[in-house]
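J.: Input final.txt, format and content: compact mmCIF, C-alpha atoms.
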# COMPACT_ATOMS: atom_id res chain seq x y z
CA MET Y 1453 174.88 144.03 135.23
CA LYS Y 1454 177.99 142.62 133.57
CA GLN Y 1455 178.54 138.88 133.27
CA TYR Y 1456 181.91 137.12 133.62
CA SER Y 1457 183.00 133.50 133.28
CA CYS Y 1458 184.90 132.15 136.29
CA THR Y 1459 187.72 131.12 133.94
CA GLU Y 1460 188.42 134.75 132.94
CA GLN Y 1461 190.99 137.00 134.56
CA PRO Y 1462 191.15 138.14 137.33
CA PHE Y 1463 189.10 135.26 138.79
CA GLN Y 1464 191.19 132.61 140.51
CA ILE Y 1465 190.33 128.89 140.58
CA CYS Y 1466 191.87 126.87 143.41
CA GLY Y 1467 192.06 123.13 144.04
CA LEU Y 1468 191.71 122.09 140.37
CA GLN Y 1469 193.94 121.47 137.35
CA ARG Y 1470 194.24 125.02 136.03
CA GLN Y 1471 196.00 123.92 132.83
CA LEU Y 1472 192.82 122.06 131.78
CA LEU Y 1473 190.59 125.11 132.11
CA PRO Y 1474 188.29 126.38 130.70
CA GLU Y 1475 187.17 123.06 129.20
CA LYS Y 1476 187.61 120.74 132.20
CA PHE Y 1477 187.14 121.37 135.91
CA TRP Y 1478 189.12 118.30 137.00
CA ARG Y 1479 191.10 117.43 140.12
CA LEU Y 1480 193.74 115.28 138.42
CA PRO Y 1481 195.67 115.75 135.17
CA GLN Y 1482 194.83 113.65 132.12
CA ALA Y 1483 198.01 111.54 132.38
CA VAL Y 1484 197.21 110.50 135.95
CA LEU Y 1485 193.58 109.72 135.08
CA GLU Y 1486 194.78 107.33 132.39
CA GLN Y 1487 196.85 105.42 134.94
CA ALA Y 1488 194.47 105.57 137.88
CA ALA Y 1489 191.84 103.02 138.87
CA ALA Y 1490 188.46 103.42 137.20
CA GLY Y 1491 186.81 104.68 140.37
CA VAL Y 1492 189.42 107.38 140.92
CA ALA Y 1493 189.16 108.49 137.30
CA ALA Y 1494 185.36 108.67 137.51
CA ARG Y 1495 185.44 110.83 140.65
CA ALA Y 1496 188.37 113.07 139.71
CA ILE Y 1497 186.37 114.80 136.96
CA HIS Y 1498 184.13 116.31 139.65
CA PRO Y 1499 185.37 119.65 141.04
CA CYS Y 1500 185.13 118.63 144.71
CA GLY Y 1501 187.15 121.06 146.82
CA GLY Y 1502 187.51 123.49 143.92
CA ARG Y 1503 186.90 127.16 144.61
CA VAL Y 1504 186.43 130.33 142.55
CA ARG Y 1505 187.86 133.42 144.30
CA PHE Y 1506 187.89 137.14 143.54
CA ARG Y 1507 187.44 140.61 145.05
CA THR Y 1508 184.83 143.14 144.09
CA ASP Y 1509 183.14 146.31 145.30
CA SER Y 1510 179.86 145.41 143.60
CA SER Y 1511 176.98 145.71 146.06
CA SER Y 1512 174.88 143.34 143.95
CA VAL Y 1513 176.25 139.88 143.06
CA THR Y 1514 174.68 136.96 141.21
CA ILE Y 1515 176.31 133.54 140.93
CA ARG Y 1516 175.07 131.11 138.27
CA THR Y 1517 176.31 127.53 137.99
CA LEU Y 1518 175.97 125.38 134.87
CA LEU Y 1519 176.34 121.63 135.45
CA GLN Y 1520 176.88 118.87 132.93
CA THR Y 1521 175.27 116.29 135.25
CA ASN Y 1522 172.81 116.23 138.12
CA VAL Y 1523 172.39 112.77 139.63
CA VAL Y 1524 170.53 111.66 142.75
CA ASP Y 1525 172.89 110.62 145.56
CA TRP Y 1526 171.69 107.97 148.00
CA ALA Y 1527 172.56 109.93 151.17
CA ILE Y 1528 173.45 113.49 150.20
CA PRO Y 1529 170.77 116.14 149.54
CA LEU Y 1530 170.71 118.14 146.32
CA SER Y 1531 172.35 121.05 148.13
CA GLY Y 1532 175.30 118.87 149.11
CA SER Y 1533 175.77 117.07 145.81
CA ALA Y 1534 175.09 119.82 143.24
CA GLY Y 1535 175.18 123.07 145.21
CA ALA Y 1536 177.85 125.77 145.25
CA ASP Y 1537 178.36 127.55 148.58
CA VAL Y 1538 179.25 131.24 148.52
CA TYR Y 1539 181.14 133.14 151.25
CA VAL Y 1540 182.07 136.82 151.56
CA GLY Y 1541 185.17 138.07 153.38
CA ARG Y 1542 188.16 136.12 154.60
CA GLY Y 1543 189.80 134.83 157.75
CA GLY Y 1544 187.83 135.52 160.92
CA MET Y 1545 185.55 137.95 159.06
CA VAL Y 1546 184.12 135.42 156.57
CA ARG Y 1547 180.31 135.20 156.35
CA TYR Y 1548 177.93 132.92 154.48
CA ALA Y 1549 176.10 134.48 151.51
CA GLY Y 1550 174.03 131.47 150.41
CA ILE Y 1551 173.98 128.57 147.99
CA ALA Y 1552 173.55 128.31 144.22
CA THR Y 1553 171.84 124.98 143.64
CA PRO Y 1554 169.45 123.50 141.06
CA LYS Y 1555 165.78 123.58 142.04
CA ASN Y 1556 165.39 119.88 141.31
CA TYR Y 1557 167.16 116.93 139.66
CA GLU Y 1558 165.75 117.83 136.25
CA SER Y 1559 167.65 121.13 136.28
CA ARG Y 1560 171.36 121.62 135.66
CA THR Y 1561 171.57 125.28 136.64
CA GLY Y 1562 171.83 126.96 140.01
CA SER Y 1563 171.52 130.62 140.93
CA LEU Y 1564 172.18 132.83 143.93
CA ALA Y 1565 171.70 136.61 144.08
CA PHE Y 1566 172.77 138.60 147.13
CA THR Y 1567 173.79 142.10 148.19
CA LYS Y 1568 176.69 143.35 150.24
CA ASP Y 1569 178.29 146.67 151.21
CA LYS Y 1570 179.85 148.61 148.37
CA ALA Y 1571 183.37 147.88 149.55
CA MET Y 1572 186.12 145.71 148.13
CA GLU Y 1573 185.59 142.28 149.61
CA ASP Y 1574 186.73 138.76 148.83
CA ILE Y 1575 184.18 136.27 147.52
CA THR Y 1576 184.73 132.50 147.53
CA ILE Y 1577 182.52 130.03 145.64
CA HIS Y 1578 182.87 126.40 146.78
CA LEU Y 1579 182.16 124.22 143.73
CA PRO Y 1580 179.82 121.20 143.70
CA ARG Y 1581 181.00 117.86 145.06
CA ASN Y 1582 179.28 115.26 142.91
CA GLU Y 1583 178.66 116.75 139.49
CA GLU Y 1584 180.66 117.58 136.40
CA LEU Y 1585 180.86 121.34 136.01
CA GLU Y 1586 180.54 123.23 132.73
CA ASN Y 1587 181.00 126.78 134.02
CA VAL Y 1588 180.26 129.33 136.72
CA PHE Y 1589 179.11 132.80 135.73
CA ILE Y 1590 179.39 135.87 137.94
CA GLU Y 1591 177.20 138.92 137.39
CA LEU Y 1592 178.34 142.24 138.88
CA GLU Y 1593 177.30 145.86 138.55
CA ASP Y 1594 178.48 147.46 135.30
CA ASP Y 1595 180.87 149.89 137.01
CA ALA Y 1596 182.11 147.45 139.65
CA LEU Y 1597 185.81 146.83 140.21
CA VAL Y 1598 186.99 143.22 139.97
CA GLU Y 1599 190.40 142.16 141.28
CA PRO Y 1600 192.31 138.97 142.10
CA PRO Y 1601 191.51 137.64 145.57
CA THR Y 1602 193.52 138.40 148.67
CA PRO Y 1603 196.15 135.65 148.94
CA TYR Y 1604 195.49 132.94 151.51
CA ASP Y 1605 197.51 133.24 154.70
CA VAL Y 1606 198.75 129.75 153.81
CA GLU Y 1607 199.27 129.86 150.04
CA GLN Y 1608 200.91 126.43 149.71
CA PRO Y 1609 197.88 124.13 149.64
CA MET Y 1610 197.09 121.47 152.20
CA VAL Y 1611 196.60 118.19 150.30
CA PHE Y 1612 194.02 115.67 151.52
CA TYR Y 1613 193.99 112.10 150.18
CA GLY Y 1614 191.29 109.65 151.18
CA SER Y 1615 187.79 108.28 150.98
CA SER Y 1616 184.24 109.50 150.45
CA ILE Y 1617 184.51 111.10 153.89
CA THR Y 1618 187.53 113.09 152.75
CA GLU Y 1619 185.54 113.97 149.64
CA GLY Y 1620 182.79 115.43 151.83
CA GLY Y 1621 180.17 112.72 152.14
CA CYS Y 1622 177.64 113.29 153.53
CA ALA Y 1623 177.62 117.02 154.34
CA SER Y 1624 174.40 118.87 153.56
CA ARG Y 1625 176.48 121.60 151.86
CA VAL Y 1626 179.91 121.27 150.25
CA ALA Y 1627 181.45 123.94 152.49
CA ASN Y 1628 180.47 121.96 155.61
CA ALA Y 1629 182.96 119.18 154.81
CA TYR Y 1630 185.82 119.03 157.30
CA THR Y 1631 188.34 119.93 154.58
CA ALA Y 1632 186.48 123.14 153.71
CA LEU Y 1633 185.96 124.05 157.37
CA LEU Y 1634 189.68 123.71 158.05
CA SER Y 1635 190.50 125.81 154.99
CA ARG Y 1636 188.32 128.68 156.26
CA TRP Y 1637 189.51 128.48 159.85
CA LEU Y 1638 193.18 128.39 158.81
CA ASP Y 1639 192.77 130.71 155.80
CA ALA Y 1640 194.63 128.06 153.82
CA ASP Y 1641 194.43 126.83 150.25
CA TYR Y 1642 193.77 123.11 149.83
CA ILE Y 1643 193.39 120.27 147.32
CA ASN Y 1644 190.80 117.55 147.93
CA LEU Y 1645 191.92 114.17 146.60
CA GLY Y 1646 189.18 112.18 148.30
CA PHE Y 1647 187.63 109.55 146.01
CA SER Y 1648 184.51 107.74 147.15
CA GLY Y 1649 185.14 104.02 147.43
CA SER Y 1650 188.22 104.32 145.25
CA ALA Y 1651 191.32 105.78 146.91
CA ARG Y 1652 193.15 102.65 148.03
CA GLY Y 1653 196.78 103.64 148.37
CA GLU Y 1654 197.58 103.38 144.65
CA PRO Y 1655 201.29 103.79 143.77
CA GLU Y 1656 200.31 106.06 140.84
CA LEU Y 1657 198.58 108.48 143.21
CA ALA Y 1658 201.50 108.35 145.65
CA THR Y 1659 203.90 109.32 142.87
CA TYR Y 1660 201.63 112.15 141.72
CA ILE Y 1661 201.07 113.53 145.21
CA ALA Y 1662 204.80 113.34 145.98
CA GLY Y 1663 205.39 115.88 143.21
CA LEU Y 1664 202.88 118.44 144.47
CA ASP Y 1665 203.84 121.73 146.08
CA MET Y 1666 202.08 121.55 149.45
CA SER Y 1667 202.26 122.80 153.01
CA VAL Y 1668 201.10 119.55 154.63
CA PHE Y 1669 199.85 116.15 153.49
CA ILE Y 1670 196.78 114.72 155.27
CA TYR Y 1671 196.74 110.94 154.72
CA ASP Y 1672 193.27 109.45 155.23
CA TYR Y 1673 192.38 106.48 152.99
CA ASP Y 1674 191.91 103.97 155.83
CA HIS Y 1675 188.19 103.65 155.13
CA ASN Y 1676 188.66 102.62 151.48
CA ALA Y 1677 191.17 99.82 152.05
CA PRO Y 1678 189.05 96.70 151.33
CA ASP Y 1679 190.66 94.63 154.09
CA LEU Y 1680 193.43 94.61 156.65
CA GLU Y 1681 195.86 92.85 154.31
CA HIS Y 1682 195.46 95.54 151.67
CA LEU Y 1683 195.90 98.35 154.19
CA GLU Y 1684 199.06 96.78 155.60
CA LYS Y 1685 200.45 96.17 152.11
CA THR Y 1686 199.90 99.72 150.86
CA HIS Y 1687 199.90 102.19 153.76
CA GLU Y 1688 203.57 102.51 154.61
CA PRO Y 1689 204.85 102.17 150.99
CA PHE Y 1690 202.55 105.05 149.96
CA PHE Y 1691 203.96 107.22 152.74
CA ARG Y 1692 207.56 106.26 151.89
CA THR Y 1693 207.04 107.24 148.25
CA ILE Y 1694 206.10 110.74 149.37
CA ARG Y 1695 208.75 110.96 152.05
CA GLN Y 1696 211.53 110.03 149.60
CA VAL Y 1697 210.64 113.00 147.40
CA GLN Y 1698 209.76 115.46 150.18
CA PRO Y 1699 211.80 114.57 153.29
CA GLY Y 1700 210.77 117.71 155.19
CA LEU Y 1701 207.05 117.69 154.41
CA PRO Y 1702 204.68 117.52 157.42
CA VAL Y 1703 202.49 114.42 157.12
CA LEU Y 1704 199.37 113.93 159.23
CA PHE Y 1705 198.03 110.38 159.55
CA LEU Y 1706 194.30 110.00 160.20
CA THR Y 1707 192.19 106.92 160.91
CA LYS Y 1708 188.56 106.47 159.96
CA PRO Y 1709 185.80 108.03 162.09
CA ASP Y 1710 183.26 105.19 161.74
CA PHE Y 1711 184.88 103.31 164.60
CA ASP Y 1712 181.70 102.02 166.24
CA LEU Y 1713 180.40 99.80 163.41
CA ASP Y 1714 183.13 97.18 163.94
CA ARG Y 1715 185.38 98.17 166.79
CA GLU Y 1716 187.68 95.14 166.59
CA THR Y 1717 188.50 95.67 162.91
CA ALA Y 1718 188.77 99.43 163.40
CA TRP Y 1719 191.27 98.83 166.20
CA LEU Y 1720 193.38 96.58 163.94
CA ARG Y 1721 193.28 99.18 161.14
CA ARG Y 1722 194.36 101.87 163.56
CA LYS Y 1723 197.24 99.65 164.68
CA ILE Y 1724 198.49 99.33 161.08
CA ILE Y 1725 198.38 103.09 160.51
CA HIS Y 1726 200.03 103.84 163.83
CA ARG Y 1727 202.80 101.41 162.90
CA THR Y 1728 203.63 103.54 159.85
CA TYR Y 1729 203.79 106.55 162.16
CA ASP Y 1730 205.89 104.68 164.76
CA ASN Y 1731 208.34 103.44 162.13
CA ALA Y 1732 208.79 106.97 160.80
CA ARG Y 1733 209.44 108.31 164.29
CA ALA Y 1734 211.85 105.46 165.05
CA SER Y 1735 213.84 106.38 161.93
CA GLY Y 1736 214.22 109.95 163.21
CA ASP Y 1737 211.34 111.55 161.30
CA ARG Y 1738 209.96 114.38 163.44
CA ASN Y 1739 207.57 115.75 160.83
CA VAL Y 1740 204.85 113.10 161.19
CA TYR Y 1741 201.65 113.44 163.22
CA PHE Y 1742 198.79 111.11 164.15
CA ILE Y 1743 195.12 111.63 165.05
CA ASP Y 1744 192.94 108.73 166.16
CA GLY Y 1745 189.58 108.81 164.35
CA GLU Y 1746 187.82 107.21 167.32
CA ASN Y 1747 188.11 110.59 169.06
CA TYR Y 1748 186.41 112.70 166.37
CA PHE Y 1749 182.81 112.35 167.50
CA GLY Y 1750 183.43 112.63 171.24
CA LYS Y 1751 181.66 110.57 173.87
CA LYS Y 1752 178.16 112.05 173.84
CA ASP Y 1753 175.63 111.48 171.03
CA ARG Y 1754 178.17 109.83 168.74
CA GLU Y 1755 175.36 108.30 166.68
CA ALA Y 1756 174.08 111.81 165.88
CA CYS Y 1757 177.28 112.53 163.96
CA THR Y 1758 176.60 110.33 160.91
CA VAL Y 1759 173.84 109.62 158.41
CA ASP Y 1760 174.40 105.84 158.38
CA GLY Y 1761 176.81 105.01 161.17
CA CYS Y 1762 179.66 105.72 158.76
CA HIS Y 1763 179.52 108.95 156.76
CA PRO Y 1764 179.54 112.14 158.85
CA ASN Y 1765 176.72 114.65 158.66
CA ASP Y 1766 177.30 118.35 159.36
CA LEU Y 1767 177.68 117.74 163.10
CA GLY Y 1768 180.15 114.93 162.48
CA PHE Y 1769 182.24 117.03 160.13
CA MET Y 1770 182.26 119.92 162.59
CA ARG Y 1771 183.54 117.65 165.33
CA MET Y 1772 186.17 116.20 162.99
CA ALA Y 1773 187.38 119.68 162.05
CA GLU Y 1774 187.46 120.79 165.68
CA THR Y 1775 189.66 117.78 166.52
CA ILE Y 1776 192.03 118.22 163.57
CA TYR Y 1777 192.32 122.02 163.67
CA PRO Y 1778 194.72 122.39 166.65
CA VAL Y 1779 197.15 119.89 165.10
CA LEU Y 1780 197.09 121.48 161.65
CA ASN Y 1781 197.35 124.96 163.14
CA LYS Y 1782 200.46 123.90 165.04
CA ILE Y 1783 201.96 122.30 161.92
CA LEU Y 1784 201.35 125.33 159.71
CA LYS Y 1785 202.66 127.80 162.29
CA ARG Y 1786 205.93 125.86 162.36
Could you render the structure as structure tokens?
T.:
Amino acid sequence: MKQYSCTEQPFQICGLQRQLLPEKFWRLPQAVLEQAAAGVAARAIHPCGGRVRFRTDSSSVTIRTLLQTNVVDWAIPLSGSAGADVYVGRGGMVRYAGIATPKNYESRTGSLAFTKDKAMEDITIHLPRNEELENVFIELEDDALVEPPTPYDVEQPMVFYGSSITEGGCASRVANAYTALLSRWLDADYINLGFSGSARGEPELATYIAGLDMSVFIYDYDHNAPDLEHLEKTHEPFFRTIRQVQPGLPVLFLTKPDFDLDRETAWLRRKIIHRTYDNARASGDRNVYFIDGENYFGKKDREACTVDGCHPNDLGFMRMAETIYPVLNKILKR
């Protein structure tokens, strides 16, 4: 077997700052981290939403992850905080190969070995959500071919900005987050700029995001705004910063899914976000879209969709993705 580092050619790393590799698997560049709030900076050094992609005809594949940290999360299992999900194939033919995760919290290494047909197939490794990553090693048969991955159908990434829910809390596996589900279903690249407890409509992040090359912007920080006043003060200015730079960019407004904990406040928050949408439409903007988070979990067994009444579990994320998918699919087909 021959071992490769994921930072070598022809392996492709998506969703992260490629110019910082191989030393740092970060989601934001150094200059933005220096300006951002402490919470954003602390979370952005985790490779949440990052993926390693390649094609190979090796019938035997081993994935080894090496973490710099491995910390207990209050509501996410080890598989969801430190695991790396592996998929084979692409589009409607994608299939789950397994997870490379540490055996316990004392370990900082994860390993997955699997077999597949000896045919050229795409492999995608979804990187851990909560931990700092040192490297990912791929072991393939000595005579195996290794090529760059098949391009995504949607190569311009979708960009998600929001809360711990956007970041994937509390899915049991990283690839069960609604962002990752949508990426697979749409065969689309994406960047996850969800920051637990920290994304609060910062002007610095708005300026950075406005400069990104993206297919659609999904705007979802409602949950992190500390109060109604803060949400009202920041929501529309953040959107306008992006719209001034990218007047034709599709923007999808989302509201938080944990509607049932405090319905009156959730209704007022939704009203603020819908006002941003209404104002854009009134000004002639026809590239804005809105999804009401109250609808994500449906009417039956809503309480079964979260771990704490707030953060979605796998069922909750699936229902979120199923609600958002038709809208994003329509946007991207345009």
J.: Report, in Å with one decimal, the straight-line distance from atom CA of Y:Leu1530 to atom CA of Y:Lys1752.
T.: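 Pair atom CA of Y:Leu1530 / atom CA of Y:Lys1752 returns 29.2 Å.
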J.: Considering all atoms listed in the file, return as a VMD selection string whatever protein or nucleic-acid residues lie within 10 Å of stretch 1696-1706 of chain Y, sequence-local ones (same chain, fewer than 3 positions apart) excluded.
T.: chain Y and resid 1611 to 1612 1614 1659 1661 to 1674 1691 to 1693 1709 1722 1725 to 1726 1728 to 1729 1737 to 1745 1776 1779 to 1780 1783 to 1784 1786
J.: If we count all atoms listed in the file, what is near Y:Gly1502 at a cut-off of 12 Å, once residues fewer than 5 positions away on the same chain are taken out, given as a compact mmCIF listing (two decimals) with C-alpha atoms, in the frame of the given file?
T.:
# COMPACT_ATOMS: atom_id res chain seq x y z
CA CYS Y 1458 184.90 132.15 136.29
CA GLN Y 1464 191.19 132.61 140.51
CA ILE Y 1465 190.33 128.89 140.58
CA CYS Y 1466 191.87 126.87 143.41
CA GLY Y 1467 192.06 123.13 144.04
CA LEU Y 1468 191.71 122.09 140.37
CA GLN Y 1469 193.94 121.47 137.35
CA ARG Y 1470 194.24 125.02 136.03
CA PHE Y 1477 187.14 121.37 135.91
CA TRP Y 1478 189.12 118.30 137.00
CA ARG Y 1479 191.10 117.43 140.12
CA LEU Y 1480 193.74 115.28 138.42
CA ALA Y 1496 188.37 113.07 139.71
CA ILE Y 1497 186.37 114.80 136.96
CA ALA Y 1536 177.85 125.77 145.25
CA ASP Y 1537 178.36 127.55 148.58
CA THR Y 1576 184.73 132.50 147.53
CA ILE Y 1577 182.52 130.03 145.64
CA HIS Y 1578 182.87 126.40 146.78
CA LEU Y 1579 182.16 124.22 143.73
CA PRO Y 1580 179.82 121.20 143.70
CA ARG Y 1581 181.00 117.86 145.06
CA ASN Y 1582 179.28 115.26 142.91
CA GLU Y 1583 178.66 116.75 139.49
CA GLU Y 1584 180.66 117.58 136.40
CA LEU Y 1585 180.86 121.34 136.01
CA VAL Y 1588 180.26 129.33 136.72
CA PRO Y 1609 197.88 124.13 149.64
CA GLU Y 1619 185.54 113.97 149.64
CA VAL Y 1626 179.91 121.27 150.25
CA ALA Y 1627 181.45 123.94 152.49
CA THR Y 1631 188.34 119.93 154.58
CA ALA Y 1632 186.48 123.14 153.71
CA SER Y 1635 190.50 125.81 154.99
CA ASP Y 1641 194.43 126.83 150.25
CA TYR Y 1642 193.77 123.11 149.83
CA ILE Y 1643 193.39 120.27 147.32
CA ASN Y 1644 190.80 117.55 147.93
CA LEU Y 1645 191.92 114.17 146.60
J.: Restricting the calculation to all atoms listed in the file: of Y:Ser1531, Y:Tyr1660, Y:Phe1566, Y:Asp1639, which residue gets closest to Y:Leu1485?
T.: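 Ranked by minimum distance to Y:Leu1485, first place goes to Y:Tyr1660.
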J.: Please identify all polymer residues within 10 Å of Y:Ser1511, counting all atoms listed in the file, omitting same-chain residues fewer than 2 positions from it, and present them as number ranges by chain.
T.: Y: 1508-1509, 1513, 1566-1573, 1592-1593, 1596
J.: Please compute the atom CA of Y:Thr1602-atom CA of Y:Gly1541 distance, one decimal, in Å.
T.: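 A separation of 9.6 Å between them.
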J.: One decimal, Å: what's the distance from atom CA of Y:Ala1490 over to atom CA of Y:Gly1621, could you say?
T.: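 One can read the atom CA of Y:Ala1490 to atom CA of Y:Gly1621 distance as 19.5 Å.
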J.: Out of Y:Thr1775, Y:Leu1657, Y:Asp1679, Y:Asp1595, which residue has the shortest atom-to-atom distance to Y:Gln1455 when counting all atoms listed in the file?
T.: Y:Asp1595
J.: For Y:His1763, which residue among Y:Arg1560, Y:His1682, Y:His1675, Y:Arg1507 is the nearest when counting all atoms listed in the file?
T.: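 Distance minimum relative to Y:His1763 lands on Y:His1675.
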